[in-house]
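Note: the block below is run_2.txt and it holds compact mmCIF, N, CA and C atoms.
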```
# COMPACT_ATOMS: atom_id res chain seq x y z
N MET F 7 4.78 88.22 -47.19
CA MET F 7 5.67 87.28 -47.80
C MET F 7 7.09 87.84 -47.82
N GLU F 8 7.14 89.16 -47.96
CA GLU F 8 8.46 89.80 -47.99
C GLU F 8 9.17 89.65 -46.66
N SER F 9 8.41 89.70 -45.58
CA SER F 9 9.03 89.55 -44.25
C SER F 9 9.55 88.13 -44.06
N LEU F 10 8.89 87.14 -44.68
CA LEU F 10 9.37 85.77 -44.60
C LEU F 10 10.71 85.61 -45.31
N TYR F 11 10.81 86.21 -46.51
CA TYR F 11 12.08 86.17 -47.25
C TYR F 11 13.20 86.88 -46.47
N ARG F 12 12.84 88.00 -45.86
CA ARG F 12 13.82 88.76 -45.09
C ARG F 12 14.30 87.95 -43.88
N THR F 13 13.38 87.26 -43.21
CA THR F 13 13.74 86.44 -42.05
C THR F 13 14.63 85.27 -42.45
N ILE F 14 14.29 84.60 -43.55
CA ILE F 14 15.11 83.47 -44.02
C ILE F 14 16.50 83.95 -44.41
N GLY F 15 16.58 85.08 -45.09
CA GLY F 15 17.89 85.63 -45.46
C GLY F 15 18.69 86.01 -44.24
N LEU F 16 18.05 86.59 -43.25
CA LEU F 16 18.74 86.95 -42.01
C LEU F 16 19.28 85.73 -41.30
N LEU F 17 18.50 84.65 -41.28
CA LEU F 17 18.97 83.41 -40.65
C LEU F 17 20.17 82.83 -41.38
N CYS F 18 20.13 82.84 -42.70
CA CYS F 18 21.24 82.29 -43.48
C CYS F 18 22.52 83.11 -43.27
N ILE F 19 22.40 84.41 -43.33
CA ILE F 19 23.58 85.26 -43.15
C ILE F 19 24.12 85.12 -41.72
N THR F 20 23.24 85.06 -40.75
CA THR F 20 23.69 84.91 -39.36
C THR F 20 24.38 83.58 -39.15
N GLY F 21 23.86 82.51 -39.72
CA GLY F 21 24.50 81.20 -39.61
C GLY F 21 25.86 81.18 -40.27
N TYR F 22 25.96 81.82 -41.42
CA TYR F 22 27.24 81.88 -42.14
C TYR F 22 28.28 82.67 -41.33
N ILE F 23 27.89 83.81 -40.80
CA ILE F 23 28.81 84.62 -40.00
C ILE F 23 29.21 83.89 -38.73
N THR F 24 28.29 83.19 -38.12
CA THR F 24 28.61 82.42 -36.90
C THR F 24 29.61 81.32 -37.21
N GLY F 25 29.45 80.64 -38.32
CA GLY F 25 30.41 79.60 -38.72
C GLY F 25 31.79 80.15 -38.96
N ILE F 26 31.87 81.30 -39.62
CA ILE F 26 33.18 81.91 -39.88
C ILE F 26 33.83 82.35 -38.57
N LEU F 27 33.06 82.99 -37.68
CA LEU F 27 33.62 83.45 -36.41
C LEU F 27 34.07 82.28 -35.53
N SER F 28 33.32 81.20 -35.55
CA SER F 28 33.70 80.07 -34.69
C SER F 28 34.97 79.39 -35.18
N GLU F 29 35.31 79.52 -36.45
CA GLU F 29 36.55 78.96 -36.97
C GLU F 29 37.78 79.78 -36.56
N PHE F 30 37.60 81.07 -36.41
CA PHE F 30 38.74 81.93 -36.08
C PHE F 30 38.97 82.09 -34.58
N ILE F 31 38.00 81.75 -33.77
CA ILE F 31 38.14 81.94 -32.32
C ILE F 31 38.59 80.62 -31.71
N PRO F 32 39.73 80.60 -31.02
CA PRO F 32 40.29 79.34 -30.55
C PRO F 32 39.64 78.78 -29.28
N SER F 33 39.15 79.58 -28.40
CA SER F 33 38.68 79.11 -27.10
C SER F 33 37.27 78.50 -27.20
N GLY F 34 37.05 77.42 -26.44
CA GLY F 34 35.75 76.74 -26.45
C GLY F 34 34.66 77.55 -25.78
N TYR F 35 35.01 78.21 -24.67
CA TYR F 35 34.01 78.99 -23.95
C TYR F 35 33.58 80.22 -24.75
N THR F 36 34.50 80.81 -25.45
CA THR F 36 34.16 81.98 -26.26
C THR F 36 33.26 81.57 -27.41
N ARG F 37 33.52 80.40 -27.99
CA ARG F 37 32.64 79.90 -29.06
C ARG F 37 31.22 79.69 -28.53
N LYS F 38 31.13 79.12 -27.34
CA LYS F 38 29.80 78.90 -26.76
C LYS F 38 29.08 80.22 -26.49
N ALA F 39 29.84 81.21 -26.03
CA ALA F 39 29.23 82.52 -25.78
C ALA F 39 28.75 83.16 -27.06
N ILE F 40 29.55 83.04 -28.12
CA ILE F 40 29.14 83.62 -29.41
C ILE F 40 27.93 82.88 -29.95
N ARG F 41 27.92 81.57 -29.84
CA ARG F 41 26.77 80.79 -30.31
C ARG F 41 25.50 81.17 -29.55
N LEU F 42 25.62 81.33 -28.23
CA LEU F 42 24.47 81.73 -27.42
C LEU F 42 23.98 83.10 -27.83
N THR F 43 24.89 84.03 -28.04
CA THR F 43 24.51 85.38 -28.46
C THR F 43 23.81 85.35 -29.81
N VAL F 44 24.34 84.56 -30.72
CA VAL F 44 23.74 84.48 -32.05
C VAL F 44 22.37 83.82 -31.99
N VAL F 45 22.23 82.79 -31.17
CA VAL F 45 20.93 82.13 -31.03
C VAL F 45 19.89 83.10 -30.47
N ILE F 46 20.30 83.88 -29.47
CA ILE F 46 19.37 84.87 -28.91
C ILE F 46 19.02 85.91 -29.97
N TYR F 47 20.01 86.31 -30.75
CA TYR F 47 19.75 87.27 -31.82
C TYR F 47 18.80 86.69 -32.86
N ILE F 48 18.98 85.43 -33.21
CA ILE F 48 18.11 84.79 -34.19
C ILE F 48 16.68 84.71 -33.67
N ILE F 49 16.55 84.32 -32.43
CA ILE F 49 15.19 84.19 -31.86
C ILE F 49 14.49 85.55 -31.83
N THR F 50 15.20 86.57 -31.40
CA THR F 50 14.57 87.90 -31.37
C THR F 50 14.32 88.44 -32.77
N SER F 51 15.18 88.13 -33.70
CA SER F 51 14.96 88.64 -35.06
C SER F 51 13.80 87.92 -35.74
N LEU F 52 13.46 86.75 -35.29
CA LEU F 52 12.30 86.07 -35.84
C LEU F 52 11.01 86.73 -35.40
N PHE F 53 10.99 87.29 -34.20
CA PHE F 53 9.76 87.88 -33.69
C PHE F 53 9.57 89.33 -34.12
N ILE F 54 10.61 89.98 -34.57
CA ILE F 54 10.47 91.37 -35.01
C ILE F 54 9.58 91.48 -36.24
N PRO F 55 9.70 90.63 -37.27
CA PRO F 55 8.77 90.75 -38.41
C PRO F 55 7.33 90.43 -38.04
N LEU F 56 7.12 89.70 -36.99
CA LEU F 56 5.75 89.39 -36.57
C LEU F 56 5.09 90.55 -35.85
N GLU F 57 5.77 91.67 -35.78
CA GLU F 57 5.25 92.84 -35.09
C GLU F 57 4.00 93.39 -35.76
N ASP F 58 3.81 93.09 -37.01
CA ASP F 58 2.65 93.58 -37.74
C ASP F 58 1.36 92.94 -37.24
N PHE F 59 1.47 91.77 -36.71
CA PHE F 59 0.29 91.09 -36.18
C PHE F 59 0.04 91.60 -34.77
N THR F 60 -0.83 92.59 -34.66
CA THR F 60 -1.06 93.23 -33.36
C THR F 60 -1.78 92.30 -32.39
N GLY F 61 -2.51 91.34 -32.92
CA GLY F 61 -3.22 90.42 -32.03
C GLY F 61 -2.29 89.51 -31.26
N LEU F 62 -1.06 89.35 -31.75
CA LEU F 62 -0.11 88.46 -31.09
C LEU F 62 0.47 89.08 -29.82
N TYR F 63 0.69 90.38 -29.85
CA TYR F 63 1.34 91.04 -28.72
C TYR F 63 0.38 91.79 -27.80
N ASN F 64 -0.67 92.34 -28.33
CA ASN F 64 -1.57 93.17 -27.54
C ASN F 64 -2.65 92.32 -26.90
N PHE F 65 -2.41 91.92 -25.69
CA PHE F 65 -3.41 91.18 -24.95
C PHE F 65 -4.30 92.19 -24.25
N GLN F 66 -5.57 92.10 -24.50
CA GLN F 66 -6.51 93.02 -23.86
C GLN F 66 -7.49 92.22 -23.03
N TYR F 67 -7.65 92.67 -21.83
CA TYR F 67 -8.57 92.01 -20.91
C TYR F 67 -9.77 92.93 -20.75
N ASN F 68 -10.84 92.57 -21.38
CA ASN F 68 -12.02 93.44 -21.40
C ASN F 68 -13.12 92.91 -20.49
N ASP F 69 -12.76 92.52 -19.31
CA ASP F 69 -13.75 92.05 -18.37
C ASP F 69 -14.22 93.24 -17.54
N THR F 70 -15.44 93.66 -17.76
CA THR F 70 -15.96 94.83 -17.07
C THR F 70 -16.89 94.45 -15.93
N GLU F 71 -16.93 93.19 -15.59
CA GLU F 71 -17.81 92.76 -14.52
C GLU F 71 -17.27 93.24 -13.18
N ASP F 72 -18.17 93.74 -12.36
CA ASP F 72 -17.79 94.26 -11.05
C ASP F 72 -17.85 93.13 -10.04
N TYR F 73 -16.70 92.83 -9.45
CA TYR F 73 -16.62 91.73 -8.51
C TYR F 73 -16.83 92.18 -7.06
N SER F 74 -17.12 93.44 -6.84
CA SER F 74 -17.29 93.91 -5.47
C SER F 74 -18.52 93.29 -4.81
N VAL F 75 -19.56 93.03 -5.59
CA VAL F 75 -20.76 92.40 -5.03
C VAL F 75 -20.43 90.99 -4.56
N TYR F 76 -19.65 90.27 -5.37
CA TYR F 76 -19.27 88.92 -4.99
C TYR F 76 -18.40 88.91 -3.73
N THR F 77 -17.49 89.86 -3.64
CA THR F 77 -16.63 89.90 -2.47
C THR F 77 -17.41 90.29 -1.22
N GLU F 78 -18.36 91.20 -1.36
CA GLU F 78 -19.20 91.55 -0.21
C GLU F 78 -19.98 90.34 0.27
N ASN F 79 -20.58 89.61 -0.65
CA ASN F 79 -21.34 88.42 -0.26
C ASN F 79 -20.43 87.38 0.38
N TYR F 80 -19.23 87.23 -0.15
CA TYR F 80 -18.29 86.27 0.42
C TYR F 80 -17.90 86.66 1.84
N VAL F 81 -17.63 87.93 2.05
CA VAL F 81 -17.25 88.40 3.39
C VAL F 81 -18.42 88.22 4.36
N ILE F 82 -19.62 88.51 3.92
CA ILE F 82 -20.79 88.35 4.78
C ILE F 82 -21.00 86.89 5.14
N GLU F 83 -20.87 86.00 4.16
CA GLU F 83 -21.02 84.56 4.43
C GLU F 83 -19.97 84.05 5.40
N LYS F 84 -18.72 84.46 5.19
CA LYS F 84 -17.64 84.00 6.08
C LYS F 84 -17.80 84.57 7.48
N ALA F 85 -18.26 85.81 7.60
CA ALA F 85 -18.50 86.39 8.93
C ALA F 85 -19.62 85.64 9.64
N ALA F 86 -20.67 85.29 8.92
CA ALA F 86 -21.77 84.53 9.52
C ALA F 86 -21.30 83.15 9.96
N GLU F 87 -20.50 82.49 9.15
CA GLU F 87 -19.97 81.17 9.53
C GLU F 87 -19.08 81.26 10.76
N GLU F 88 -18.27 82.30 10.84
CA GLU F 88 -17.38 82.45 11.99
C GLU F 88 -18.18 82.74 13.26
N LEU F 89 -19.22 83.55 13.15
CA LEU F 89 -20.09 83.79 14.32
C LEU F 89 -20.80 82.51 14.75
N GLU F 90 -21.25 81.73 13.79
CA GLU F 90 -21.89 80.46 14.13
C GLU F 90 -20.92 79.55 14.88
N ARG F 91 -19.68 79.49 14.42
CA ARG F 91 -18.68 78.67 15.11
C ARG F 91 -18.39 79.19 16.52
N THR F 92 -18.30 80.50 16.67
CA THR F 92 -18.02 81.09 17.97
C THR F 92 -19.16 80.81 18.95
N ILE F 93 -20.39 81.00 18.49
CA ILE F 93 -21.54 80.73 19.35
C ILE F 93 -21.63 79.25 19.67
N SER F 94 -21.34 78.41 18.69
CA SER F 94 -21.37 76.97 18.90
C SER F 94 -20.34 76.55 19.95
N ARG F 95 -19.16 77.14 19.90
CA ARG F 95 -18.13 76.81 20.90
C ARG F 95 -18.52 77.27 22.29
N SER F 96 -19.09 78.47 22.37
CA SER F 96 -19.48 78.96 23.70
C SER F 96 -20.62 78.15 24.28
N LEU F 97 -21.54 77.67 23.45
CA LEU F 97 -22.62 76.80 23.95
C LEU F 97 -22.10 75.42 24.29
N ALA F 98 -21.15 74.92 23.54
CA ALA F 98 -20.57 73.61 23.83
C ALA F 98 -19.76 73.64 25.12
N ASP F 99 -19.13 74.77 25.42
CA ASP F 99 -18.37 74.88 26.66
C ASP F 99 -19.28 74.80 27.88
N LYS F 100 -20.51 75.27 27.75
CA LYS F 100 -21.48 75.24 28.87
C LYS F 100 -22.40 74.02 28.82
N ASN F 101 -22.13 73.08 27.90
CA ASN F 101 -22.90 71.84 27.74
C ASN F 101 -24.38 72.10 27.48
N ILE F 102 -24.66 73.01 26.61
CA ILE F 102 -26.03 73.32 26.21
C ILE F 102 -26.25 72.70 24.83
N SER F 103 -27.31 71.91 24.75
CA SER F 103 -27.60 71.23 23.49
C SER F 103 -28.51 72.08 22.61
N TYR F 104 -28.31 71.96 21.31
CA TYR F 104 -29.10 72.69 20.32
C TYR F 104 -29.03 71.89 19.02
N ASN F 105 -29.86 72.24 18.08
CA ASN F 105 -29.85 71.55 16.78
C ASN F 105 -29.10 72.34 15.72
N GLN F 106 -29.39 73.63 15.65
CA GLN F 106 -28.84 74.42 14.57
C GLN F 106 -28.75 75.89 14.98
N ILE F 107 -27.75 76.56 14.42
CA ILE F 107 -27.59 78.00 14.63
C ILE F 107 -27.52 78.67 13.26
N ASP F 108 -28.32 79.70 13.07
CA ASP F 108 -28.30 80.49 11.84
C ASP F 108 -28.07 81.95 12.21
N VAL F 109 -27.06 82.53 11.59
CA VAL F 109 -26.75 83.94 11.81
C VAL F 109 -27.07 84.70 10.53
N HIS F 110 -27.84 85.76 10.66
CA HIS F 110 -28.18 86.62 9.52
C HIS F 110 -27.51 87.97 9.74
N ILE F 111 -26.69 88.36 8.76
CA ILE F 111 -25.95 89.61 8.85
C ILE F 111 -26.51 90.57 7.81
N HIS F 112 -26.70 91.80 8.26
CA HIS F 112 -27.24 92.85 7.39
C HIS F 112 -26.13 93.84 7.06
N LYS F 113 -26.01 94.20 5.79
CA LYS F 113 -25.00 95.17 5.37
C LYS F 113 -25.60 96.55 5.40
N GLN F 114 -24.97 97.41 6.18
CA GLN F 114 -25.37 98.81 6.18
C GLN F 114 -24.43 99.59 5.29
N SER F 115 -24.50 100.89 5.33
CA SER F 115 -23.76 101.72 4.38
C SER F 115 -22.26 101.41 4.36
N GLU F 116 -21.61 101.36 5.48
CA GLU F 116 -20.17 101.11 5.51
C GLU F 116 -19.78 99.96 6.42
N GLY F 117 -20.73 99.23 6.91
CA GLY F 117 -20.37 98.16 7.84
C GLY F 117 -21.38 97.04 7.83
N LEU F 118 -21.12 96.07 8.67
CA LEU F 118 -22.00 94.91 8.81
C LEU F 118 -22.63 94.93 10.20
N GLN F 119 -23.87 94.48 10.27
CA GLN F 119 -24.58 94.43 11.54
C GLN F 119 -25.27 93.08 11.64
N ILE F 120 -25.23 92.51 12.84
CA ILE F 120 -25.91 91.23 13.06
C ILE F 120 -27.40 91.52 13.12
N GLU F 121 -28.12 91.00 12.16
CA GLU F 121 -29.56 91.23 12.09
C GLU F 121 -30.28 90.34 13.09
N SER F 122 -29.99 89.04 13.06
CA SER F 122 -30.63 88.12 14.00
C SER F 122 -29.81 86.84 14.09
N ILE F 123 -29.96 86.19 15.23
CA ILE F 123 -29.32 84.90 15.46
C ILE F 123 -30.43 83.92 15.84
N TYR F 124 -30.65 82.96 14.99
CA TYR F 124 -31.66 81.93 15.25
C TYR F 124 -30.98 80.71 15.85
N ILE F 125 -31.51 80.26 16.98
CA ILE F 125 -31.01 79.04 17.63
C ILE F 125 -32.18 78.07 17.71
N TYR F 126 -32.02 76.94 17.08
CA TYR F 126 -33.08 75.93 17.03
C TYR F 126 -32.75 74.76 17.94
N GLY F 127 -33.79 74.22 18.58
CA GLY F 127 -33.66 72.99 19.34
C GLY F 127 -33.15 73.15 20.76
N VAL F 128 -33.30 74.32 21.36
CA VAL F 128 -32.87 74.52 22.75
C VAL F 128 -34.07 74.24 23.66
N ASP F 129 -33.83 73.49 24.73
CA ASP F 129 -34.89 73.21 25.70
C ASP F 129 -35.35 74.51 26.37
N ASN F 130 -36.61 74.52 26.79
CA ASN F 130 -37.16 75.70 27.47
C ASN F 130 -36.42 75.98 28.78
N ILE F 131 -35.91 74.96 29.41
CA ILE F 131 -35.18 75.13 30.68
C ILE F 131 -33.84 75.83 30.43
N GLN F 132 -33.21 75.55 29.31
CA GLN F 132 -31.88 76.08 29.02
C GLN F 132 -31.91 77.44 28.31
N LYS F 133 -33.09 77.92 27.90
CA LYS F 133 -33.16 79.19 27.19
C LYS F 133 -32.63 80.37 28.01
N PRO F 134 -32.94 80.48 29.32
CA PRO F 134 -32.36 81.60 30.08
C PRO F 134 -30.83 81.52 30.16
N TYR F 135 -30.29 80.31 30.22
CA TYR F 135 -28.82 80.16 30.24
C TYR F 135 -28.21 80.63 28.92
N VAL F 136 -28.87 80.26 27.83
CA VAL F 136 -28.37 80.68 26.52
C VAL F 136 -28.43 82.21 26.41
N GLU F 137 -29.52 82.81 26.89
CA GLU F 137 -29.64 84.26 26.85
C GLU F 137 -28.56 84.93 27.69
N SER F 138 -28.21 84.33 28.83
CA SER F 138 -27.17 84.93 29.67
C SER F 138 -25.78 84.74 29.06
N ILE F 139 -25.57 83.61 28.41
CA ILE F 139 -24.26 83.36 27.78
C ILE F 139 -24.08 84.30 26.58
N LEU F 140 -25.13 84.45 25.80
CA LEU F 140 -25.05 85.27 24.59
C LEU F 140 -25.69 86.64 24.79
N ALA F 141 -25.48 87.22 25.95
CA ALA F 141 -26.08 88.52 26.26
C ALA F 141 -25.51 89.65 25.40
N SER F 142 -24.32 89.47 24.90
CA SER F 142 -23.72 90.52 24.07
C SER F 142 -24.39 90.63 22.70
N TYR F 143 -25.09 89.58 22.28
CA TYR F 143 -25.83 89.61 21.03
C TYR F 143 -27.26 90.00 21.32
N ASP F 144 -27.74 91.04 20.68
CA ASP F 144 -29.06 91.58 21.01
C ASP F 144 -30.22 90.81 20.39
N ASN F 145 -30.04 90.27 19.22
CA ASN F 145 -31.15 89.75 18.45
C ASN F 145 -31.19 88.22 18.48
N LEU F 146 -31.35 87.65 19.63
CA LEU F 146 -31.48 86.19 19.74
C LEU F 146 -32.93 85.79 19.51
N ILE F 147 -33.12 84.81 18.64
CA ILE F 147 -34.45 84.30 18.36
C ILE F 147 -34.38 82.79 18.48
N PHE F 148 -35.24 82.24 19.32
CA PHE F 148 -35.27 80.80 19.52
C PHE F 148 -36.33 80.20 18.61
N GLY F 149 -35.96 79.21 17.87
CA GLY F 149 -36.87 78.50 16.99
C GLY F 149 -37.08 77.09 17.51
N ASP F 150 -38.28 76.62 17.37
CA ASP F 150 -38.57 75.27 17.87
C ASP F 150 -38.89 74.33 16.75
```
As C-alpha cells, the full file:
Amino acid sequence: MESLYRTIGLLCITGYITGILSEFIPSGYTRKAIRLTVVIYIITSLFIPLEDFTGLYNFQYNDTEDYSVYTENYVIEKAAEELERTISRSLADKNISYNQIDVHIHKQSEGLQIESIYIYGVDNIQKPYVESILASYDNLIFGD
C-alpha cells in the first residue's frame, strides 16, 4: 500500500513540475520534448514499485521435453516422401505404371539408410525395366 501512495505522490509532483516548466519555456517543440520525457519518466516510475512482484518480470520456460525425437521422425518422413517423389518421377518418365510406392528408411547411429522400397501394382513384364531404372537402390521389393 505504501508503494501505491509513493507512486501517486510521484505522479502528482511530476505533473506539477511539468506544468511549471511548460509555462516558463517559450518554444512549442521544447515543450513537447519535455512532456515526452516526463511521460516516459512517469511510465517507468510506475513499473519500478511493481518490482516486488517477481512473477511479473521473471518469465521462466520450464519445458524439459526433448524435441530431438520429433525432429528425427520429421526428417525421416520428409526424406521418405522425397524419395517416393523422385522414384515416381523416374518411373513416369519411362511410362511405367504402378499403384503405390512406399519407402522405409532406417536410422542408424549417425545416418539414415534406405531399408526397403516397396512398389505395388507393376506388371510382371515391366519389373525388369523397373529394376534397371532403379538399379542404384538395392532393396526393391515388388508387391502385388
Distance of CA of Ser96 in chain F from CA of Leu118 in chain F, expressed in Å to one decimal place: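 Separation between CA of Leu118 in chain F and CA of Ser96 in chain F: 22.0 Å.
Of the residues under consideration (F:Ile102, F:Ile26, F:Ile93, F:Ala141), F:Ile102 shows the shortest atom-to-atom contact distance to Asp129 in chain F when counting all atoms listed in the file.
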Quick check for you: according to DSSP on this backbone, which residues of range 10-146 of chain F are classed as strand (DSSP E or B)? Reply as a short mmCIF file (atom, residue, chain, number, x, y, z; two decimals) with N, CA and C atoms, in the frame of the given file.
```cif
data_model
loop_
_atom_site.label_atom_id
_atom_site.label_comp_id
_atom_site.auth_asym_id
_atom_site.auth_seq_id
_atom_site.Cartn_x
_atom_site.Cartn_y
_atom_site.Cartn_z
N GLN F 106 -29.39 73.63 15.65
CA GLN F 106 -28.84 74.42 14.57
C GLN F 106 -28.75 75.89 14.98
N ILE F 107 -27.75 76.56 14.42
CA ILE F 107 -27.59 78.00 14.63
C ILE F 107 -27.52 78.67 13.26
N ASP F 108 -28.32 79.70 13.07
CA ASP F 108 -28.30 80.49 11.84
C ASP F 108 -28.07 81.95 12.21
N VAL F 109 -27.06 82.53 11.59
CA VAL F 109 -26.75 83.94 11.81
C VAL F 109 -27.07 84.70 10.53
N HIS F 110 -27.84 85.76 10.66
CA HIS F 110 -28.18 86.62 9.52
C HIS F 110 -27.51 87.97 9.74
N ILE F 111 -26.69 88.36 8.76
CA ILE F 111 -25.95 89.61 8.85
C ILE F 111 -26.51 90.57 7.81
N HIS F 112 -26.70 91.80 8.26
CA HIS F 112 -27.24 92.85 7.39
C HIS F 112 -26.13 93.84 7.06
N LYS F 113 -26.01 94.20 5.79
CA LYS F 113 -25.00 95.17 5.37
C LYS F 113 -25.60 96.55 5.40
N LEU F 118 -21.12 96.07 8.67
CA LEU F 118 -22.00 94.91 8.81
C LEU F 118 -22.63 94.93 10.20
N GLN F 119 -23.87 94.48 10.27
CA GLN F 119 -24.58 94.43 11.54
C GLN F 119 -25.27 93.08 11.64
N ILE F 120 -25.23 92.51 12.84
CA ILE F 120 -25.91 91.23 13.06
C ILE F 120 -27.40 91.52 13.12
N GLU F 121 -28.12 91.00 12.16
CA GLU F 121 -29.56 91.23 12.09
C GLU F 121 -30.28 90.34 13.09
N SER F 122 -29.99 89.04 13.06
CA SER F 122 -30.63 88.12 14.00
C SER F 122 -29.81 86.84 14.09
N ILE F 123 -29.96 86.19 15.23
CA ILE F 123 -29.32 84.90 15.46
C ILE F 123 -30.43 83.92 15.84
N TYR F 124 -30.65 82.96 14.99
CA TYR F 124 -31.66 81.93 15.25
C TYR F 124 -30.98 80.71 15.85
N ILE F 125 -31.51 80.26 16.98
CA ILE F 125 -31.01 79.04 17.63
C ILE F 125 -32.18 78.07 17.71
N TYR F 126 -32.02 76.94 17.08
CA TYR F 126 -33.08 75.93 17.03
C TYR F 126 -32.75 74.76 17.94
N LEU F 146 -31.35 87.65 19.63
CA LEU F 146 -31.48 86.19 19.74
C LEU F 146 -32.93 85.79 19.51
#
```
Coordinates-based distance that separates CA of Tyr126 in chain F from CA of Ile107 in chain F (Å, one decimal):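 Calculated distance between CA of Ile107 in chain F and CA of Tyr126 in chain F is 6.3 Å.
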Nearest-residue call for Arg41 in chain F, choices F:Ser138, F:Thr24, F:Glu87, F:Ile131, using all atoms listed in the file: F:Thr24
Long-range neighbours of range 111-117 of chain F as a PyMOL selection string, 8 Å cut-off, all atoms listed in the file, 2 positions minimum in chain: chain F and resi 82-83+85-86+108-109+119-123
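Going from atom C of Glu88 in chain F over to atom C of Tyr73 in chain F, you cover 22.4 Å.
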Could you pull the residues within 12 Å of Gln106 in chain F, counting only C-alpha atoms, minus those fewer than 6 positions along the same chain, as a PDB file with N, CA and C atoms, in the coordinates of the input?
```pdb
ATOM      1  N   GLU F  90     -21.250  81.730  13.790  1.00  0.00           N
ATOM      2  CA  GLU F  90     -21.890  80.460  14.130  1.00  0.00           C
ATOM      3  C   GLU F  90     -20.920  79.550  14.880  1.00  0.00           C
ATOM      4  N   ARG F  91     -19.680  79.490  14.420  1.00  0.00           N
ATOM      5  CA  ARG F  91     -18.680  78.670  15.110  1.00  0.00           C
ATOM      6  C   ARG F  91     -18.390  79.190  16.520  1.00  0.00           C
ATOM      7  N   ILE F  93     -20.390  81.000  18.490  1.00  0.00           N
ATOM      8  CA  ILE F  93     -21.540  80.730  19.350  1.00  0.00           C
ATOM      9  C   ILE F  93     -21.630  79.250  19.670  1.00  0.00           C
ATOM     10  N   SER F  94     -21.340  78.410  18.690  1.00  0.00           N
ATOM     11  CA  SER F  94     -21.370  76.970  18.900  1.00  0.00           C
ATOM     12  C   SER F  94     -20.340  76.550  19.950  1.00  0.00           C
ATOM     13  N   LEU F  97     -21.540  77.670  23.450  1.00  0.00           N
ATOM     14  CA  LEU F  97     -22.620  76.800  23.950  1.00  0.00           C
ATOM     15  C   LEU F  97     -22.100  75.420  24.290  1.00  0.00           C
ATOM     16  N   ILE F 123     -29.960  86.190  15.230  1.00  0.00           N
ATOM     17  CA  ILE F 123     -29.320  84.900  15.460  1.00  0.00           C
ATOM     18  C   ILE F 123     -30.430  83.920  15.840  1.00  0.00           C
ATOM     19  N   TYR F 124     -30.650  82.960  14.990  1.00  0.00           N
ATOM     20  CA  TYR F 124     -31.660  81.930  15.250  1.00  0.00           C
ATOM     21  C   TYR F 124     -30.980  80.710  15.850  1.00  0.00           C
ATOM     22  N   ILE F 125     -31.510  80.260  16.980  1.00  0.00           N
ATOM     23  CA  ILE F 125     -31.010  79.040  17.630  1.00  0.00           C
ATOM     24  C   ILE F 125     -32.180  78.070  17.710  1.00  0.00           C
ATOM     25  N   TYR F 126     -32.020  76.940  17.080  1.00  0.00           N
ATOM     26  CA  TYR F 126     -33.080  75.930  17.030  1.00  0.00           C
ATOM     27  C   TYR F 126     -32.750  74.760  17.940  1.00  0.00           C
ATOM     28  N   GLY F 127     -33.790  74.220  18.580  1.00  0.00           N
ATOM     29  CA  GLY F 127     -33.660  72.990  19.340  1.00  0.00           C
ATOM     30  C   GLY F 127     -33.150  73.150  20.760  1.00  0.00           C
ATOM     31  N   VAL F 128     -33.300  74.320  21.360  1.00  0.00           N
ATOM     32  CA  VAL F 128     -32.870  74.520  22.750  1.00  0.00           C
ATOM     33  C   VAL F 128     -34.070  74.240  23.660  1.00  0.00           C
ATOM     34  N   ILE F 147     -33.120  84.810  18.640  1.00  0.00           N
ATOM     35  CA  ILE F 147     -34.450  84.300  18.360  1.00  0.00           C
ATOM     36  C   ILE F 147     -34.380  82.790  18.480  1.00  0.00           C
ATOM     37  N   PHE F 148     -35.240  82.240  19.320  1.00  0.00           N
ATOM     38  CA  PHE F 148     -35.270  80.800  19.520  1.00  0.00           C
ATOM     39  C   PHE F 148     -36.330  80.200  18.610  1.00  0.00           C
ATOM     40  N   GLY F 149     -35.960  79.210  17.870  1.00  0.00           N
ATOM     41  CA  GLY F 149     -36.870  78.500  16.990  1.00  0.00           C
ATOM     42  C   GLY F 149     -37.080  77.090  17.510  1.00  0.00           C
ATOM     43  N   ASP F 150     -38.280  76.620  17.370  1.00  0.00           N
ATOM     44  CA  ASP F 150     -38.570  75.270  17.870  1.00  0.00           C
ATOM     45  C   ASP F 150     -38.890  74.330  16.750  1.00  0.00           C
TER      46      ASP F 150
END
```
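Minimum atom-to-atom distance to Gln132 in chain F, evaluated using only C-alpha atoms, belongs to F:Tyr104 out of F:Leu146, F:Tyr22, F:Val45, F:Tyr104.
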Give the padded box for range 122-126 of chain F as lines of an AutoDock Vina configuration file: axis-aligned, covering all atoms listed in the file, 3 Å on each side, centre and edge lengths in Å to one decimal.
```
center_x = -31.2
center_y = 81.9
center_z = 15.5
size_x = 9.8
size_y = 20.3
size_z = 10.9
```
Backbone DSSP call of alpha helix (DSSP H) for range 57-148 of chain F, listed as a PyMOL selection string: chain F and resi 60-63+74-99+133-139
